[in-house]
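Data block for model_34.tsv (TSV, C-alpha atoms):
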```
chain	number	residue	atom	x	y	z
A	1	GLU	CA	0.00	0.00	0.00
A	2	ASP	CA	1.28	3.45	-0.95
A	3	GLN	CA	2.20	5.66	2.00
A	4	VAL	CA	3.15	9.33	2.37
A	5	THR	CA	4.48	10.85	5.60
A	6	GLN	CA	5.03	14.57	5.97
A	7	SER	CA	7.10	16.33	8.60
A	8	PRO	CA	6.91	18.45	10.59
A	9	GLU	CA	3.14	18.52	11.18
A	10	ALA	CA	3.39	22.26	11.88
A	11	LEU	CA	6.11	24.84	11.34
A	12	ARG	CA	6.22	28.41	12.52
A	13	LEU	CA	8.73	30.78	10.87
A	14	GLN	CA	9.60	34.43	11.06
A	15	GLU	CA	9.34	36.37	7.83
A	16	GLY	CA	12.58	35.85	5.91
A	17	GLU	CA	13.56	32.69	7.83
A	18	SER	CA	14.17	29.95	5.25
A	19	SER	CA	13.33	26.30	5.96
A	20	SER	CA	12.35	22.97	4.40
A	21	LEU	CA	9.35	20.64	4.55
A	22	ASN	CA	9.84	16.88	4.20
A	23	CYS	CA	7.75	14.28	2.39
A	24	SER	CA	8.77	10.62	2.74
A	25	TYR	CA	7.02	8.07	0.55
A	26	THR	CA	6.76	4.38	-0.22
A	27	VAL	CA	5.15	3.42	-3.49
A	28	SER	CA	5.28	0.46	-5.85
A	29	GLY	CA	6.62	2.41	-8.79
A	30	LEU	CA	6.41	6.19	-8.83
A	31	ARG	CA	4.59	7.87	-11.69
A	32	GLY	CA	4.81	11.31	-10.09
A	33	LEU	CA	5.10	13.21	-6.82
A	34	PHE	CA	2.95	16.30	-6.42
A	35	TRP	CA	3.02	19.31	-4.10
A	36	TYR	CA	-0.12	21.30	-3.37
A	37	ARG	CA	-0.89	24.34	-1.25
A	38	GLN	CA	-4.19	24.48	0.63
A	39	ASP	CA	-5.67	27.54	2.30
A	40	PRO	CA	-8.32	27.09	5.02
A	41	GLY	CA	-11.72	26.12	3.62
A	42	LYS	CA	-10.45	25.85	0.04
A	43	GLY	CA	-9.43	23.09	-2.34
A	44	PRO	CA	-5.74	22.20	-2.86
A	45	GLU	CA	-3.87	24.40	-5.35
A	46	PHE	CA	-1.36	22.64	-7.60
A	47	LEU	CA	2.28	23.71	-7.19
A	48	PHE	CA	4.71	21.15	-8.68
A	49	THR	CA	5.04	17.72	-10.25
A	50	LEU	CA	8.31	15.78	-9.93
A	51	TYR	CA	8.79	12.60	-11.95
A	52	SER	CA	12.26	11.23	-11.26
A	53	ALA	CA	15.02	11.33	-8.65
A	54	GLY	CA	17.26	14.35	-9.01
A	55	GLU	CA	14.56	16.52	-10.52
A	56	GLU	CA	14.06	20.03	-9.14
A	57	LYS	CA	11.41	22.67	-9.80
A	58	GLU	CA	11.11	26.27	-8.65
A	59	LYS	CA	8.34	28.81	-8.37
A	60	GLU	CA	8.94	32.16	-6.71
A	61	ARG	CA	10.15	31.40	-3.15
A	62	LEU	CA	9.47	27.65	-3.41
A	63	LYS	CA	11.77	24.91	-4.67
A	64	ALA	CA	10.87	21.22	-4.74
A	65	THR	CA	13.40	18.39	-4.97
A	66	LEU	CA	13.03	14.62	-5.27
A	67	THR	CA	15.07	11.57	-4.26
A	68	LYS	CA	14.12	7.90	-4.46
A	69	LYS	CA	12.60	7.98	-0.96
A	70	GLU	CA	11.65	11.57	-0.20
A	71	SER	CA	10.93	15.04	-1.46
A	72	PHE	CA	11.71	18.41	0.05
A	73	LEU	CA	9.89	21.70	-0.36
A	74	HIS	CA	12.37	24.48	0.34
A	75	ILE	CA	10.95	27.89	1.23
A	76	THR	CA	13.38	30.77	0.82
A	77	ALA	CA	12.77	34.07	2.65
A	78	PRO	CA	9.09	33.31	3.28
A	79	LYS	CA	6.43	35.99	3.58
A	80	PRO	CA	3.23	35.92	5.65
A	81	GLU	CA	1.20	35.17	2.50
A	82	ASP	CA	3.06	31.84	2.23
A	83	SER	CA	1.16	30.68	5.33
A	84	ALA	CA	-0.91	27.62	4.35
A	85	THR	CA	-0.99	23.84	4.59
A	86	TYR	CA	1.38	22.19	2.13
A	87	LEU	CA	0.32	18.75	0.92
A	88	CYS	CA	2.47	16.09	-0.73
A	89	ALA	CA	0.94	13.31	-2.83
A	90	VAL	CA	2.18	10.36	-4.88
A	91	GLN	CA	0.76	8.71	-7.96
A	92	ALA	CA	1.79	5.09	-8.46
A	93	SER	CA	2.41	3.35	-11.76
A	94	ASN	CA	0.85	0.04	-10.69
A	95	SER	CA	0.28	-2.57	-13.31
A	96	GLY	CA	-3.39	-3.13	-14.09
A	97	GLY	CA	-6.39	-1.07	-13.13
A	98	SER	CA	-6.55	2.65	-12.66
A	99	ASN	CA	-3.27	4.11	-11.53
A	100	TYR	CA	-4.08	7.80	-11.48
A	101	LYS	CA	-5.38	8.30	-7.98
A	102	LEU	CA	-3.31	10.44	-5.60
A	103	THR	CA	-2.27	9.25	-2.15
A	104	PHE	CA	-1.78	12.26	0.12
A	105	GLY	CA	0.12	12.90	3.32
A	106	LYS	CA	-1.51	14.77	6.19
A	107	GLY	CA	0.24	18.00	5.29
A	108	THR	CA	2.46	20.54	7.01
A	109	LEU	CA	0.79	23.64	8.43
A	110	LEU	CA	3.15	26.54	7.78
A	111	THR	CA	2.72	29.83	9.62
A	112	VAL	CA	4.94	32.79	8.70
A	113	ASN	CA	4.89	35.64	11.19
A	114	PRO	CA	5.65	39.21	10.09
B	1	ASP	CA	-9.80	29.66	-18.34
B	2	THR	CA	-12.35	28.42	-15.82
B	3	GLY	CA	-11.29	25.95	-13.17
B	4	VAL	CA	-13.13	23.08	-11.54
B	5	SER	CA	-16.42	24.18	-9.99
B	6	GLN	CA	-18.48	22.46	-7.30
B	7	ASP	CA	-22.00	23.02	-6.06
B	8	PRO	CA	-23.13	23.57	-3.38
B	9	ARG	CA	-20.21	24.96	-1.42
B	10	HIS	CA	-21.84	24.12	1.89
B	11	LYS	CA	-24.55	21.62	2.83
B	12	ILE	CA	-26.09	21.02	6.23
B	13	THR	CA	-28.37	18.01	6.48
B	14	LYS	CA	-29.99	15.86	9.10
B	15	ARG	CA	-28.90	12.29	9.69
B	16	GLY	CA	-30.74	9.90	7.42
B	17	GLN	CA	-31.33	12.38	4.58
B	18	ASN	CA	-29.93	11.99	1.07
B	19	VAL	CA	-27.60	14.60	-0.42
B	20	THR	CA	-26.20	15.14	-3.92
B	21	PHE	CA	-23.17	17.16	-4.94
B	22	ARG	CA	-22.20	18.33	-8.42
B	23	CYS	CA	-18.77	18.82	-10.00
B	24	ASP	CA	-18.00	20.52	-13.31
B	25	PRO	CA	-14.43	19.73	-14.44
B	26	ILE	CA	-12.13	21.83	-16.60
B	27	SER	CA	-13.64	21.56	-20.06
B	28	GLU	CA	-10.81	19.76	-21.88
B	29	HIS	CA	-10.17	17.27	-19.04
B	30	ASN	CA	-11.65	13.81	-19.47
B	31	ARG	CA	-10.52	12.36	-16.11
B	32	LEU	CA	-12.50	13.23	-12.99
B	33	TYR	CA	-11.84	12.26	-9.37
B	34	TRP	CA	-13.69	12.52	-6.07
B	35	TYR	CA	-11.86	12.80	-2.74
B	36	ARG	CA	-12.95	13.26	0.86
B	37	GLN	CA	-11.03	15.32	3.40
B	38	THR	CA	-11.55	15.50	7.15
B	39	LEU	CA	-9.99	17.99	9.53
B	40	GLY	CA	-6.22	17.56	9.90
B	41	GLN	CA	-6.02	14.90	7.18
B	42	GLY	CA	-5.02	14.92	3.55
B	43	PRO	CA	-7.63	14.18	0.87
B	44	GLU	CA	-8.58	10.49	0.52
B	45	PHE	CA	-9.44	9.00	-2.86
B	46	LEU	CA	-13.06	7.91	-3.36
B	47	THR	CA	-13.61	7.24	-7.06
B	48	TYR	CA	-12.36	8.00	-10.57
B	49	PHE	CA	-13.97	8.44	-13.99
B	50	GLN	CA	-12.45	8.43	-17.43
B	51	ASN	CA	-15.04	10.02	-19.66
B	52	GLU	CA	-18.34	8.43	-18.51
B	53	ALA	CA	-16.78	5.18	-17.26
B	54	GLN	CA	-16.23	4.75	-13.52
B	55	LEU	CA	-12.91	2.88	-13.46
B	56	GLU	CA	-12.03	2.64	-9.79
B	57	LYS	CA	-13.78	2.89	-6.43
B	58	SER	CA	-12.11	3.03	-3.03
B	59	ARG	CA	-13.00	0.68	-0.21
B	60	LEU	CA	-14.04	3.90	1.58
B	61	LEU	CA	-16.98	4.19	-0.82
B	62	SER	CA	-19.72	2.27	0.95
B	63	ASP	CA	-22.91	1.18	-0.81
B	64	ARG	CA	-24.56	4.38	0.46
B	65	PHE	CA	-22.35	6.36	-1.92
B	66	SER	CA	-22.92	6.49	-5.66
B	67	ALA	CA	-21.26	8.60	-8.32
B	68	GLU	CA	-22.17	9.20	-11.93
B	69	ARG	CA	-20.74	11.07	-14.87
B	70	PRO	CA	-23.34	11.02	-17.64
B	71	LYS	CA	-22.02	11.95	-21.08
B	72	GLY	CA	-18.52	12.35	-19.66
B	73	SER	CA	-19.05	15.95	-18.59
B	74	PHE	CA	-20.18	16.94	-15.10
B	75	SER	CA	-20.33	14.42	-12.26
B	76	THR	CA	-22.61	13.91	-9.28
B	77	LEU	CA	-21.86	12.26	-5.95
B	78	GLU	CA	-24.87	11.08	-3.95
B	79	ILE	CA	-24.83	9.98	-0.33
B	80	GLN	CA	-27.91	8.11	0.85
B	81	ARG	CA	-29.03	7.84	4.48
B	82	THR	CA	-26.31	10.22	5.68
B	83	GLU	CA	-24.50	9.51	8.94
B	84	GLN	CA	-22.58	11.91	11.18
B	85	GLY	CA	-19.35	10.24	10.07
B	86	ASP	CA	-20.03	11.48	6.55
B	87	SER	CA	-19.33	15.06	7.67
B	88	ALA	CA	-16.29	16.16	5.65
B	89	MET	CA	-15.10	18.26	2.73
B	90	TYR	CA	-15.86	16.54	-0.58
B	91	LEU	CA	-13.36	17.53	-3.25
B	92	CYS	CA	-13.54	17.05	-6.99
B	93	ALA	CA	-10.50	17.15	-9.27
B	94	SER	CA	-9.88	16.75	-12.99
B	95	SER	CA	-6.90	16.02	-15.23
B	96	HIS	CA	-5.93	15.48	-18.83
B	97	ARG	CA	-6.14	11.95	-20.26
B	98	GLN	CA	-2.46	12.09	-21.16
B	99	GLY	CA	0.48	13.45	-19.19
B	100	PRO	CA	1.25	15.64	-17.33
B	101	TYR	CA	-0.89	13.96	-14.74
B	102	GLU	CA	-1.45	16.72	-12.22
B	103	GLN	CA	-4.98	17.03	-10.90
B	104	TYR	CA	-6.70	20.37	-10.47
B	105	PHE	CA	-9.09	20.64	-7.57
B	106	GLY	CA	-12.33	22.49	-7.10
B	107	PRO	CA	-13.23	24.52	-4.00
B	108	GLY	CA	-14.97	21.58	-2.37
B	109	THR	CA	-18.38	20.99	-0.79
B	110	ARG	CA	-18.42	21.14	3.01
B	111	LEU	CA	-20.99	18.62	4.33
B	112	THR	CA	-22.23	18.81	7.91
B	113	VAL	CA	-24.55	16.03	9.11
B	114	THR	CA	-26.45	16.92	12.29
```

Rewrite the coordinates I just gave you, this time as structure tokens.
Amino acid sequence: EDQVTQSPEALRLQEGESSSLNCSYTVSGLRGLFWYRQDPGKGPEFLFTLYSAGEEKEKERLKATLTKKESFLHITAPKPEDSATYLCAVQASNSGGSNYKLTFGKGTLLTVNP
Amino acid sequence: DTGVSQDPRHKITKRGQNVTFRCDPISEHNRLYWYRQTLGQGPEFLTYFQNEAQLEKSRLLSDRFSAERPKGSFSTLEIQRTEQGDSAMYLCASSHRQGPYEQYFGPGTRLTVT
């Protein structure tokens, strides 16, 4: 069974204080690893897809990296508007049947104080 | 470019009543997914459609739940004889048939069963 574990559960930063969020996964063949941002009461907002170990993607203050066992979301010089829950999900390339569902972690609640 | 839309945004119902939710995917997407999210958890997969065919259902989807996607456009999720444990955010997502495989989520329907 596919599993995703995110750490820490919650992270509080001062504005400008860089840090990283961790996503560890076990999956029987990785089709893709996805990062989403979710604001309270809203649906997840797509951020990045990573397909293979060594891949990196950047968007503004966010950078996502991928190894064979985990992914990191690096946040550089965060601002208060970066406060949200960040979700990691995997999509497995199982043989047979539908293989497009996402398995999510519980998320990391990030709070950036001004 | 319109995103995924869901209706209603909020639904309060009494235990034992039936409820139906609607999802309109991004127009060029032929894959549609339903997820359920409870407080402090990541979204959990419920079911998946490719065009009008329902290709996978989670074990979470009891026989009180039914989903349809007539004509491969919008989808409905019906819950019969609602229970308090059904209270959650119901999320719909859509994606292209071919890669990239990222899923785009709607705003969700918040269900409260009293």

Considering only C-alpha atoms, give me a table of residues in chain B that are at most 6 Å from chain A, with the closest atom pair and distance in Å for each, as CSV.
```
residue,atom,partner,partner_atom,distance
B:Gln41,CA,A:Lys106,CA,4.6
B:Gly42,CA,A:Lys106,CA,4.4
B:Phe105,CA,A:Gly43,CA,5.8
B:Gly106,CA,A:Gly43,CA,5.6
B:Pro107,CA,A:Gly43,CA,4.4
B:Gly108,CA,A:Gly43,CA,5.7
```

*How far is it from CA of Lys57 in chain B to CA of Gly29 in chain A, in Å with one decimal?*
20.5 Å

*Between CA of Lys63 in chain A and CA of Ser28 in chain A - distance in Å to one decimal*: 25.3 Å

_Gly16 in chain B surroundings by all atoms listed in the file, 9 Å radius, close-in-sequence under 6 positions cut, as a PyMOL selection string_ = chain B and resi 80-83+113

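The interatomic distance for the pair CA of Ala53 in chain A and CA of Ile75 in chain A works out to 19.7 Å.
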
_Report as a VMD selection string all protein, DNA and RNA residues lying within 9 Å of Pro78 in chain A, evaluated on all atoms listed in the file, omitting residues in the same chain fewer than 6 positions from it._
chain A and resid 13 to 19 61 to 62 112
